[in-house]
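Asks: I have a structure I would like to understand better, so I am pasting it below and will then ask my questions one at a time.
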Amino acid sequence: MENKKTVFDFDTIIPRRGTGSSKWDAVEKVFGSRDVLPLWVADMDFATPAAVTTKLLERAQHPIYAYNTHEAPLYQSFIDWVKHRHHWEIEQDWILLAPGVVPSIILSILALSDPGDGVIIQPPVYPPFFASIKDNDRKIVENPLIVKNGRYEIDFDDLEQKLADPQNKLLLFCSPHNPVGRVWSKAELEKIYELCQKYQVNILSDEIHNDLVYGEQQHTVFASLGMPVAKETVTFMAASKTFNIAGLNFSFIVVPCKRRRALISSWFAKLHINRNNLFGAVATETAYREGEAWLDSLLQYLEGNADTVVEFVRNRLPGVKVVKPEGTFLAWLDFRDYFTNAKDLEEFLVHKARVGLNPGKNFGSQGEGFARLNFATQRSVLLEGLTRIEKALQAIK
């Protein structure tokens with residue numbers, strides 16, 4: 001692991017238009033106008049760590065990009081990373097390689113449930129959770145988060161009711177939570193597991209944002225609570241959010257239970273997607289081995305951006321509410337004092353404020369009147385987006 005402290009530049013704007021960027025080049029198609037500042041798709045506007053770029057260029061010098069195999073050093077880089085950063089010890093045999101977290105979730109749902117079974121989610125939540133269930137003939141079962149003292153929490157009474165239904169076979173869990181930014185405590189995780197064990201419901205834990213937590217927060221890997229928990233849990237992780245390499249399509253599934261691992265692996269084989277991106281493997285291994293100092297600096301910058309959002313909203317966007325995220329680089333903005341209709345809010349943000357945010361309604365009915373803002377960008381860009389919202393709100397008063 002790289003431990004030296006280095007100052008990295010996250011302020012210099014790196015033009016992304018014309019690079020095939022979903023976030024920047026799809027703006028006109030998605031929002032109907034090129035004059036919209038994109039603060040939506042959950043990737044970062046920062047350069048990937050230089051060590052990763054160097055290693056990719058080095059590998060690209062070899063002129064053959066054919067089928068590849070993954071050797072022990074790749075697995076070991078991940079094993080070392082989760083032990084060092086998250087105090088979780090895993091074995092290579094537990095690990096499956098995958099082309100992304102969402103495909104992994106889908107294949108795990110297919111492997112561990114039957115058509116018609118219920119899958120519990122906790123909205124407002126990442127939109128592909130809904131599609132992963134519905135599109136594969138499973139039943140979406142909602143356990144909505146509740147707000148207490150300005151903070152999202154789990155409604156455990158409702159969760160137990162949903163878990164008690166024998167038709168509900170899986171809990172699809174988001175940790176840290178996208179979009180509300182909660183980093184779940186160890187006590188909360190233990191309570192969830194106690195209930196899941198009671199009703200024999202397996203846990204699918206999406207932990208793609210696990211490295212992105214702030215201040216005194218500590219991400220607890222669900223499966224790290226102990227081997228009994230680990231055997232009932234499928235964990236999804238990747239370097240993609242952490243190091244801004246999502247376009248290289250590479251992720252990990254950790255499945256300590258041999259039987260469940262075989263079931264999931266069989267679905268990868270059935271669909272012939274059990275080969276992985278050559279460059280994704282190179283980037284991932286390098287990031288885990290050489291990217292720690294960069295990440296530590298990134299977290300400082302992102303927390304500064306989170307503070308900027310909270311301060312700006314509280315001081316200059318009266319009526320808009322936000323809670324500082326404990327993790328992720330996403331802010332969940334509450335516009336309900338201005339807009340009760342999702343369409344009106346979208347119209348305002350796109351055509352009046354000229355900013356591209358993710359509509360809250362996409363995260364479930366609980367997101368009506370909200371919007372998700374991605375603050376993983378240069379602070380000057382972030383302030384420009386917030387100022388656009390401020391001016392547009394002033395115009396409608």
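All residue names refer to the structure tokens as shown: chains lettered A, B, ... in order, residues numbered from 1 in each chain, ligands numbered from 1 in order.
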What are the nearest atom pairs, with distances in Å to one decimal, for all residues of stretch 305-394 of chain A that come at most 9 Å from stretch 6-14 of chain A, using only C-alpha atoms, set out by chain and rising residue number as JSON lines?
Replies:
```
{"residue": "A:Thr377", "atom": "CA", "partner": "A:Phe10", "partner_atom": "CA", "distance": 8.0}
{"residue": "A:Gln378", "atom": "CA", "partner": "A:Asp11", "partner_atom": "CA", "distance": 5.0}
{"residue": "A:Arg379", "atom": "CA", "partner": "A:Asp11", "partner_atom": "CA", "distance": 6.6}
{"residue": "A:Ser380", "atom": "CA", "partner": "A:Asp11", "partner_atom": "CA", "distance": 7.6}
{"residue": "A:Val381", "atom": "CA", "partner": "A:Ile13", "partner_atom": "CA", "distance": 8.3}
```
Asks: Generate the output file for the selected residues, N, CA and C atoms, as a compact mmCIF listing (two decimals), in the first residue's frame.
Replies:
```
# COMPACT_ATOMS: atom_id res chain seq x y z
N THR A 377 -16.90 17.01 -8.46
CA THR A 377 -16.44 17.87 -9.55
C THR A 377 -15.58 18.98 -8.95
N GLN A 378 -14.97 19.78 -9.81
CA GLN A 378 -14.17 20.88 -9.33
C GLN A 378 -15.06 21.85 -8.54
N ARG A 379 -14.51 22.42 -7.48
CA ARG A 379 -15.34 23.27 -6.62
C ARG A 379 -15.91 24.46 -7.38
N SER A 380 -15.17 24.96 -8.33
CA SER A 380 -15.68 26.08 -9.13
C SER A 380 -16.90 25.66 -9.94
N VAL A 381 -16.88 24.46 -10.47
CA VAL A 381 -18.03 23.94 -11.23
C VAL A 381 -19.21 23.73 -10.29
```
Asks: DSSP on the backbone, then: every residue of stretch 16-212 of chain A marked strand (DSSP E), written as an MDAnalysis selection string.
Replies: chainID A and resid 37:38 95:98 118:121 139:142 146:148 151:153 168:174 202:206
Asks: What's around A:Glu285 at 7 Å? Count only C-alpha atoms, leave out sequence neighbours fewer than 3 positions away in its own chain, and write the answer as a PyMOL selection string.
Replies: chain A and resi 74+77+281-282+288-289
Asks: Which value, in Å to one decimal, gives the distance between atom CA of A:Leu278 and atom CA of A:Glu292?
Replies: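 Between atom CA of A:Leu278 and atom CA of A:Glu292 the gap works out to 22.1 Å.
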Asks: Taking the backbone alone, and naming residues the way the document does, which bits of stretch 43-189 of chain A are helix (DSSP H, G or I) by DSSP, as a ChimeraX atom specification?
Replies: /A:50-60,72-86,92-94,101-112,128-134,156-164,186-189
Asks: Output C-alpha atoms for every residue in the selection just made, as a CSV table (one decimal), in the first residue's frame.
Replies:
```csv
chain,number,residue,atom,x,y,z
A,50,ALA,CA,-1.6,8.8,-12.5
A,51,ALA,CA,-0.3,5.4,-11.5
A,52,VAL,CA,-3.3,3.8,-13.1
A,53,THR,CA,-2.9,5.8,-16.3
A,54,THR,CA,0.7,4.9,-16.5
A,55,LYS,CA,0.1,1.2,-16.1
A,56,LEU,CA,-2.7,1.2,-18.7
A,57,LEU,CA,-0.5,3.0,-21.2
A,58,GLU,CA,2.3,0.5,-20.5
A,59,ARG,CA,-0.1,-2.5,-21.1
A,60,ALA,CA,-1.5,-0.8,-24.2
A,72,ALA,CA,-3.2,-14.3,-8.0
A,73,PRO,CA,-1.8,-10.7,-7.8
A,74,LEU,CA,-5.1,-9.2,-8.9
A,75,TYR,CA,-7.0,-11.1,-6.3
A,76,GLN,CA,-4.4,-10.3,-3.7
A,77,SER,CA,-4.6,-6.6,-4.3
A,78,PHE,CA,-8.3,-6.7,-3.5
A,79,ILE,CA,-7.9,-8.9,-0.5
A,80,ASP,CA,-5.2,-6.6,0.9
A,81,TRP,CA,-7.3,-3.5,0.2
A,82,VAL,CA,-10.4,-4.7,2.1
A,83,LYS,CA,-8.3,-5.9,5.0
A,84,HIS,CA,-6.4,-2.7,5.2
A,85,ARG,CA,-9.2,-0.2,4.6
A,86,HIS,CA,-12.2,-2.2,6.0
A,92,GLN,CA,-9.5,-15.8,-2.9
A,93,ASP,CA,-11.9,-18.7,-3.3
A,94,TRP,CA,-14.7,-16.5,-2.2
A,101,VAL,CA,-22.0,-4.3,-9.9
A,102,VAL,CA,-25.5,-4.1,-11.5
A,103,PRO,CA,-25.0,-7.2,-13.7
A,104,SER,CA,-23.8,-8.9,-10.6
A,105,ILE,CA,-26.9,-8.0,-8.6
A,106,ILE,CA,-29.1,-9.2,-11.4
A,107,LEU,CA,-27.4,-12.5,-11.7
A,108,SER,CA,-27.4,-13.0,-8.0
A,109,ILE,CA,-31.2,-12.3,-7.9
A,110,LEU,CA,-31.6,-14.9,-10.7
A,111,ALA,CA,-29.5,-17.4,-8.9
A,112,LEU,CA,-30.9,-17.0,-5.4
A,128,PRO,CA,-31.4,0.0,-11.1
A,129,PHE,CA,-32.5,-1.7,-7.9
A,130,PHE,CA,-36.1,-1.5,-9.1
A,131,ALA,CA,-35.3,-2.6,-12.7
A,132,SER,CA,-33.1,-5.5,-11.5
A,133,ILE,CA,-36.1,-6.9,-9.7
A,134,LYS,CA,-39.0,-6.1,-12.0
A,156,PHE,CA,-37.2,-1.8,11.5
A,157,ASP,CA,-40.8,-2.5,12.4
A,158,ASP,CA,-41.8,-2.3,8.7
A,159,LEU,CA,-38.7,-4.3,7.7
A,160,GLU,CA,-39.7,-7.1,10.0
A,161,GLN,CA,-43.2,-7.2,8.6
A,162,LYS,CA,-41.7,-7.5,5.1
A,163,LEU,CA,-39.1,-10.1,6.1
A,164,ALA,CA,-41.8,-12.2,7.8
A,186,LYS,CA,-22.5,-1.6,13.1
A,187,ALA,CA,-25.5,-1.8,15.4
A,188,GLU,CA,-27.9,-1.1,12.5
A,189,LEU,CA,-26.3,-3.9,10.4
```
Asks: Could you tell me how far atom CA of A:Thr48 lies from atom CA of A:Glu290, in Å and to one decimal?
Replies: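 Atom CA of A:Thr48 sits 11.8 Å away from atom CA of A:Glu290.
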Asks: Neighbours of A:Ser251 within 12 Å (only C-alpha atoms; same-chain residues fewer than 6 positions away dropped), as a ChimeraX atom specification?
Replies: /A:74-75,78,95-105,206-208,235-242,245,274-277,280-281,283-285
Asks: Counting only C-alpha atoms, figure out which residue out of A:Asn341, A:His62, A:Val234, A:Lys139 gets nearest to A:Ser365.
Replies: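 For A:Ser365, the nearest of the candidates is A:Asn341.
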Asks: Restricting the calculation to only C-alpha atoms, which member of A:Pro124, A:Gly118, A:Ile203, A:Gly360 is positioned closest to A:Asp165?
Replies: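 Ranking A:Pro124, A:Gly118, A:Ile203, A:Gly360 by distance to A:Asp165, first place goes to A:Gly118.
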Asks: Determine, counting only C-alpha atoms, which protein, DNA and RNA residues have an atom within 12 Å of an atom of A:Pro256; residues of the same chain fewer than 4 positions away are not included. Present the result as a PyMOL selection string.
Replies: chain A and resi 89-96+223-224+226-235+260-262+264
Asks: Just checking: using only C-alpha atoms, which residue out of A:Asn168, A:Tyr214, A:Ala392, A:Leu317 ends up closest to A:Glu347?
Replies: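 Ranked by minimum distance to A:Glu347, first place goes to A:Ala392.
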